[in-house]
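**Student:** The structure follows.
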Amino acid sequence: MSQMPRQAALPTCPSCAEPFDAGDRFCGACGYDLSAVPPRPDDHPTLTMTVSAQSPPAQPAPAQSPSAQGTTHRTGTVGAEAPGANGAAVPGAGANGAAGVSGVPLPPPAAAAPAAPRTAPAAPVAGVRFHRPSEPDEYALQAPDPRVAAEAAAVAEPAKVCVACRAGRVDDDGYCENCGHAQPRERDHMEAESGPIAAVSDRGLRHHRNEDSFGLGRTALPDGSPALVAIVCDGVSSATRPDDASLAAAKAASESLLAALPLGAHPQQAMHEAIVAASHAVNALADEPATAREQAPHQNSPACTLVGSVVTAGLLVVGWVGDSRAYWVPADRSSPPARLTEDDSWAAQMVAAGLMSEAEAYADERAHAITGWLGADAYELEPHTASFKPDRPGVVVVCTDGLWNYAEAAEEMAEILPPDAAVRPLHSARVLVGHALDGGGHDNVTVALVPFPAAVQGAGSA
């Protein structure tokens with residue numbers, strides 16, 4: 001059965017949605033200017049952005065006659081450009097889409113089909129709002145993170161250069177990234193000078209750390225005369241934390257002397273009390289958690305040896321426990337030098353008992369086994385003290401066995417000590433440490449030089 005062809009759907013008014021013919025210029029129901037707004041397209045977008053049929057458009061054009069509309073609604077000009085049906089500019093197009101003279105509209109061209117939709121107007125359609133918050137002219141910058149600033153400052157610090165190859169960078173563990181050489185730590189080499197006295201300590205060439213320590217100081221006796229103090233300690237390598245033991249002993253002994261001498265204590269008695277104070281300081285390390293963590297089976301408590309000297313205007317006092325030594329070297333070298341201490345060692349006991357000569361005893365492998373030390377496991381604390389009244393100026397050499405192993409006799413020590421040691425103590429101490437290193441540096445090396453008598457210049461607490 002044949003069917004009649006279906007007529008195309010008539011376009012509707014954009015304002016009231018009433019149908020109208022293709023040739024109509026105005027809506028017959030509401031008078032809407034159909035030439036100004038294109039008819040609604042047949043296909044609808046997914047999100048409708050147009051005004052609903054119930055809400056009137058913004059500023060609708062009033063119904064006018066064809067002649068009045070051409071003169072009042074829009075004024076055409078010869079050659080003026082107006083948007084065409086597809087949004088493109090059409091030269092000379094007036095309000096009705098045809099070229100004409102101002103105020104005289106031309107009849108629109110015949111259209112058999114609805115015109116193509118034009119682009120959306122620039123102004124927003126009524127009923128659709130765009131919420132755009134006002135933006136400031138300038139945005140405030142956020143405060144920098146202090147952790148990031150600290151990291152940047154750390155990176156900006158100059159990198160440490162290897163002391164061996166002078167080219168590689170030193171990592172956080174203290175090794176060169178280029179040659180792998182271990183860099184010296186703070187205690188590997190220490191130097192100090194306090195007026196006329198000075199001390200130098202070095203790790204040596206064989207030990208992995210420096211287990212020696214020293215303390216220097218100057219003060220005044222009650223009568224105003226000066227007093228010089230030097231303490232040298234040697235950590236016992238077979239004990240736990242020997243480096244901490246020597247540091248604690250040197251600090252406690254020097255502080256005790258510098259506190260007691262200005263109060264009128266006799267220098268020899270003050271030295272005895274200083275050794276006792278150093279012993280208490282080392283004993284306290286045995287009760288610290290660090291000792292329990294580091295102590296291996298069959299290992300002794302923290303321990304060290306000590307030797308010290310107090311020099312006043314007319315008196316020289318020495319004190320010691322262990323095998324660290326003190327030597328007397330006259331300034332003019334006209335009289336012989338002397339060793340002022342006796343070792344607490346196996347070799348010294350053999351010589352004192354007459355069982356061996358000094359050469360035989362010190363050649364034995366047990367020679368440096370000490371019989372006295374500071375530490376919680378010491379048999380009995382026996383501080384040794386001695387006082388002297390030299391009749392001429394000179395220098396007291398206070399040192400550990402890391403030095404006197406290479407200059408054991410007093411004559412040998414006097415030979416390597418520079419003649420100007422009394423006026424250049426730091427330089428002379430460096431010379432003595434260098435002698436031990438040149439000899440092999442098998443042990444830590446520490447030496448302090450104290451001139452006698454104590455000079456009045458520069459006296460005071462330090």
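Starting from 1 in every chain, residues are counted up; chains themselves are A, B, ... following the order of the structure tokens, and ligands are numbered from 1 as listed.
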Residues at most 8 Å from A:Gly235, counting only C-alpha atoms, excluding those fewer than 6 positions away in the same chain, as a VMD selection string?
**Tutor:** chain A and resid 211 to 212 242 to 246 303 to 305
**Student:** Skip A:Ala454 itself and residues of its chain fewer than 4 positions away, then list as a PyMOL selection string all residues within 7 Å of it, counting only C-alpha atoms.
**Tutor:** chain A and resi 226-228+311-313
**Student:** Write out as an MDAnalysis selection string the residues lying within 8 Å of A:Leu449, counting only C-alpha atoms and excluding same-chain residues fewer than 6 positions away.
**Tutor:** chainID A and resid 197:199 230 395:398 421 425:426 429
**Student:** Ranking A:Ser15, A:Gln269, A:Ser301, A:Ser225 by minimum distance to A:Ala378 and counting only C-alpha atoms, which one comes first?
**Tutor:**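 Closest candidate: A:Ser301.
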**Student:** Give me the residues within 12 Å of A:His298 as a list of chain:residue names, counting only C-alpha atoms and dropping any in the same chain fewer than 5 places off.
**Tutor:**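 My list of contacting residues is A:Ser238, A:Ala239, A:Thr240.
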**Student:** Could you write out the selected residues, including N, CA, C and O atoms, as a short mmCIF file (atom, residue, chain, number, x, y, z; two decimals), in the first residue's frame?
**Tutor:**
data_model
loop_
_atom_site.label_atom_id
_atom_site.label_comp_id
_atom_site.auth_asym_id
_atom_site.auth_seq_id
_atom_site.Cartn_x
_atom_site.Cartn_y
_atom_site.Cartn_z
N SER A 238 93.84 -2.24 75.86
CA SER A 238 93.14 -3.50 76.13
C SER A 238 91.87 -3.30 76.94
O SER A 238 91.16 -4.26 77.23
N ALA A 239 91.56 -2.07 77.32
CA ALA A 239 90.37 -1.78 78.12
C ALA A 239 89.26 -1.22 77.23
O ALA A 239 89.47 -0.89 76.06
N THR A 240 88.08 -1.13 77.80
CA THR A 240 86.94 -0.54 77.10
C THR A 240 87.05 0.98 77.12
O THR A 240 87.44 1.56 78.13
#
**Student:** Could the residues of stretch 313-351 of chain A that have an atom at most 10 Å from stretch 355-376 of chain A be listed as a Markdown table, each with its closest atom pair and the distance in Å to one decimal, counting only C-alpha atoms and ordered by chain and ascending residue number?
**Tutor:**
| residue | atom | partner | partner_atom | distance |
| --- | --- | --- | --- | --- |
| A:Trp320 | CA | A:Trp373 | CA | 9.3 |
| A:Val321 | CA | A:Trp373 | CA | 5.6 |
| A:Gly322 | CA | A:Gly372 | CA | 4.9 |
| A:Asp323 | CA | A:Ile370 | CA | 6.7 |
| A:Asp343 | CA | A:Ile370 | CA | 8.0 |
| A:Asp344 | CA | A:Thr371 | CA | 5.1 |
| A:Ser345 | CA | A:Ile370 | CA | 4.0 |
| A:Trp346 | CA | A:Ala367 | CA | 5.5 |
| A:Ala347 | CA | A:Ala367 | CA | 4.5 |
| A:Ala348 | CA | A:Ala361 | CA | 7.6 |
| A:Gln349 | CA | A:Leu355 | CA | 8.7 |
| A:Met350 | CA | A:Leu355 | CA | 5.3 |
| A:Val351 | CA | A:Met356 | CA | 5.3 |
**Student:** Please produce a file of those selected residues containing N, CA and C atoms, as a compact mmCIF listing (two decimals), in the first residue's frame.
**Tutor:**
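The file below, selection-v8.txt, is the result:
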# COMPACT_ATOMS: atom_id res chain seq x y z
N TRP A 320 102.26 10.83 89.03
CA TRP A 320 102.00 9.85 87.96
C TRP A 320 101.41 8.55 88.51
N VAL A 321 100.75 7.85 87.61
CA VAL A 321 100.29 6.47 87.81
C VAL A 321 100.41 5.79 86.46
N GLY A 322 101.20 4.72 86.37
CA GLY A 322 101.38 4.04 85.10
C GLY A 322 102.77 4.26 84.55
N ASP A 323 102.88 4.18 83.22
CA ASP A 323 104.20 4.26 82.59
C ASP A 323 104.41 5.52 81.75
N ASP A 343 108.41 4.08 86.23
CA ASP A 343 107.25 3.43 85.61
C ASP A 343 106.59 2.42 86.55
N ASP A 344 105.27 2.36 86.46
CA ASP A 344 104.52 1.25 87.06
C ASP A 344 104.38 0.18 85.98
N SER A 345 105.46 -0.60 85.80
CA SER A 345 105.48 -1.60 84.73
C SER A 345 106.24 -2.84 85.16
N TRP A 346 106.08 -3.87 84.40
CA TRP A 346 106.77 -5.12 84.67
C TRP A 346 108.28 -4.94 84.57
N ALA A 347 108.73 -4.22 83.55
CA ALA A 347 110.17 -4.01 83.37
C ALA A 347 110.77 -3.25 84.54
N ALA A 348 110.06 -2.23 85.04
CA ALA A 348 110.58 -1.45 86.17
C ALA A 348 110.67 -2.31 87.42
N GLN A 349 109.72 -3.19 87.62
CA GLN A 349 109.77 -4.06 88.79
C GLN A 349 110.93 -5.04 88.70
N MET A 350 111.19 -5.53 87.50
CA MET A 350 112.31 -6.46 87.33
C MET A 350 113.65 -5.77 87.63
N VAL A 351 113.78 -4.54 87.20
CA VAL A 351 115.02 -3.79 87.43
C VAL A 351 115.14 -3.44 88.91
**Student:** Sorted by chain and rising residue number, which residues of stretch 193-280 of chain A lie within 9 Å of stretch 182-186 of chain A, and what are their closest atom pairs and distances in Å to one decimal, counting only C-alpha atoms, as JSON lines?
**Tutor:**
{"residue": "A:Arg203", "atom": "CA", "partner": "A:Pro184", "partner_atom": "CA", "distance": 8.8}
{"residue": "A:Arg209", "atom": "CA", "partner": "A:Arg185", "partner_atom": "CA", "distance": 8.2}
{"residue": "A:Asn210", "atom": "CA", "partner": "A:Arg185", "partner_atom": "CA", "distance": 9.0}
**Student:** I'd like the neighbourhood of A:Ile231 as a PyMOL selection string, where a residue qualifies if any of its atoms comes within 7 Å (using only C-alpha atoms), though same-chain residues fewer than 2 positions away should be ignored.
**Tutor:** chain A and resi 214-216+229+233+250+254+307-309
**Student:** Please run DSSP on the backbone and report, as an MDAnalysis selection string, all residues within stretch 171-384 of chain A that come out as alpha helix (DSSP H).
**Tutor:** chainID A and resid 242:260 267:285 289:294 346:352 358:363
**Student:** What is the atom CA of A:Pro390 to atom CA of A:His427 distance in Å?
**Tutor:**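 These two atoms are separated by 24.1 Å.
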**Student:** Go through stretch 374-417 of chain A residue by residue and, counting only C-alpha atoms, keep those with an atom at most 10 Å from stretch 328-338 of chain A; for each kept residue give the shortest atom pair and its distance in Å to one decimal, ordered by chain and increasing number, as JSON lines.
**Tutor:**
{"residue": "A:Pro390", "atom": "CA", "partner": "A:Pro330", "partner_atom": "CA", "distance": 8.9}
{"residue": "A:Asp391", "atom": "CA", "partner": "A:Pro330", "partner_atom": "CA", "distance": 9.6}
{"residue": "A:Arg392", "atom": "CA", "partner": "A:Pro330", "partner_atom": "CA", "distance": 7.0}
{"residue": "A:Pro393", "atom": "CA", "partner": "A:Ala331", "partner_atom": "CA", "distance": 5.7}
{"residue": "A:Gly394", "atom": "CA", "partner": "A:Pro330", "partner_atom": "CA", "distance": 3.9}
{"residue": "A:Val395", "atom": "CA", "partner": "A:Val329", "partner_atom": "CA", "distance": 5.3}
{"residue": "A:Val396", "atom": "CA", "partner": "A:Trp328", "partner_atom": "CA", "distance": 4.8}
{"residue": "A:Val397", "atom": "CA", "partner": "A:Trp328", "partner_atom": "CA", "distance": 6.4}
{"residue": "A:Val398", "atom": "CA", "partner": "A:Trp328", "partner_atom": "CA", "distance": 9.0}
{"residue": "A:Ala409", "atom": "CA", "partner": "A:Ala338", "partner_atom": "CA", "distance": 8.5}
{"residue": "A:Ala410", "atom": "CA", "partner": "A:Ala338", "partner_atom": "CA", "distance": 5.3}
{"residue": "A:Glu411", "atom": "CA", "partner": "A:Pro337", "partner_atom": "CA", "distance": 6.2}
{"residue": "A:Glu412", "atom": "CA", "partner": "A:Pro337", "partner_atom": "CA", "distance": 9.3}
{"residue": "A:Met413", "atom": "CA", "partner": "A:Val329", "partner_atom": "CA", "distance": 8.1}
{"residue": "A:Ala414", "atom": "CA", "partner": "A:Val329", "partner_atom": "CA", "distance": 5.8}
{"residue": "A:Glu415", "atom": "CA", "partner": "A:Val329", "partner_atom": "CA", "distance": 9.4}
{"residue": "A:Leu417", "atom": "CA", "partner": "A:Val329", "partner_atom": "CA", "distance": 8.4}
**Student:** Could you take the residues named above and write them with C-alpha atoms, as a PDB file, in the first residue's frame?
**Tutor:**
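Okay, result25.pdb is ready:
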ATOM      1  CA  PRO A 390     116.079  23.011  90.157  1.00  0.00           C
ATOM      2  CA  ASP A 391     118.895  25.521  90.464  1.00  0.00           C
ATOM      3  CA  ARG A 392     118.677  26.683  86.842  1.00  0.00           C
ATOM      4  CA  PRO A 393     116.055  27.264  84.139  1.00  0.00           C
ATOM      5  CA  GLY A 394     114.920  24.377  82.056  1.00  0.00           C
ATOM      6  CA  VAL A 395     111.974  22.578  80.487  1.00  0.00           C
ATOM      7  CA  VAL A 396     109.826  19.762  81.847  1.00  0.00           C
ATOM      8  CA  VAL A 397     108.852  17.207  79.159  1.00  0.00           C
ATOM      9  CA  VAL A 398     105.626  15.402  80.086  1.00  0.00           C
ATOM     10  CA  ALA A 409     117.031   7.794  78.121  1.00  0.00           C
ATOM     11  CA  ALA A 410     117.036  11.351  79.456  1.00  0.00           C
ATOM     12  CA  GLU A 411     120.098  12.146  77.298  1.00  0.00           C
ATOM     13  CA  GLU A 412     118.217  11.037  74.180  1.00  0.00           C
ATOM     14  CA  MET A 413     115.235  13.200  75.091  1.00  0.00           C
ATOM     15  CA  ALA A 414     117.498  16.213  75.641  1.00  0.00           C
ATOM     16  CA  GLU A 415     119.143  15.608  72.292  1.00  0.00           C
ATOM     17  CA  LEU A 417     114.429  18.706  72.272  1.00  0.00           C
TER      18      LEU A 417
END
**Student:** Record the distance separating atom CA of A:Ala448 and atom CA of A:Leu263, expressed in Å with one decimal.
**Tutor:**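 Result for atom CA of A:Ala448 versus atom CA of A:Leu263: 25.0 Å, one decimal.
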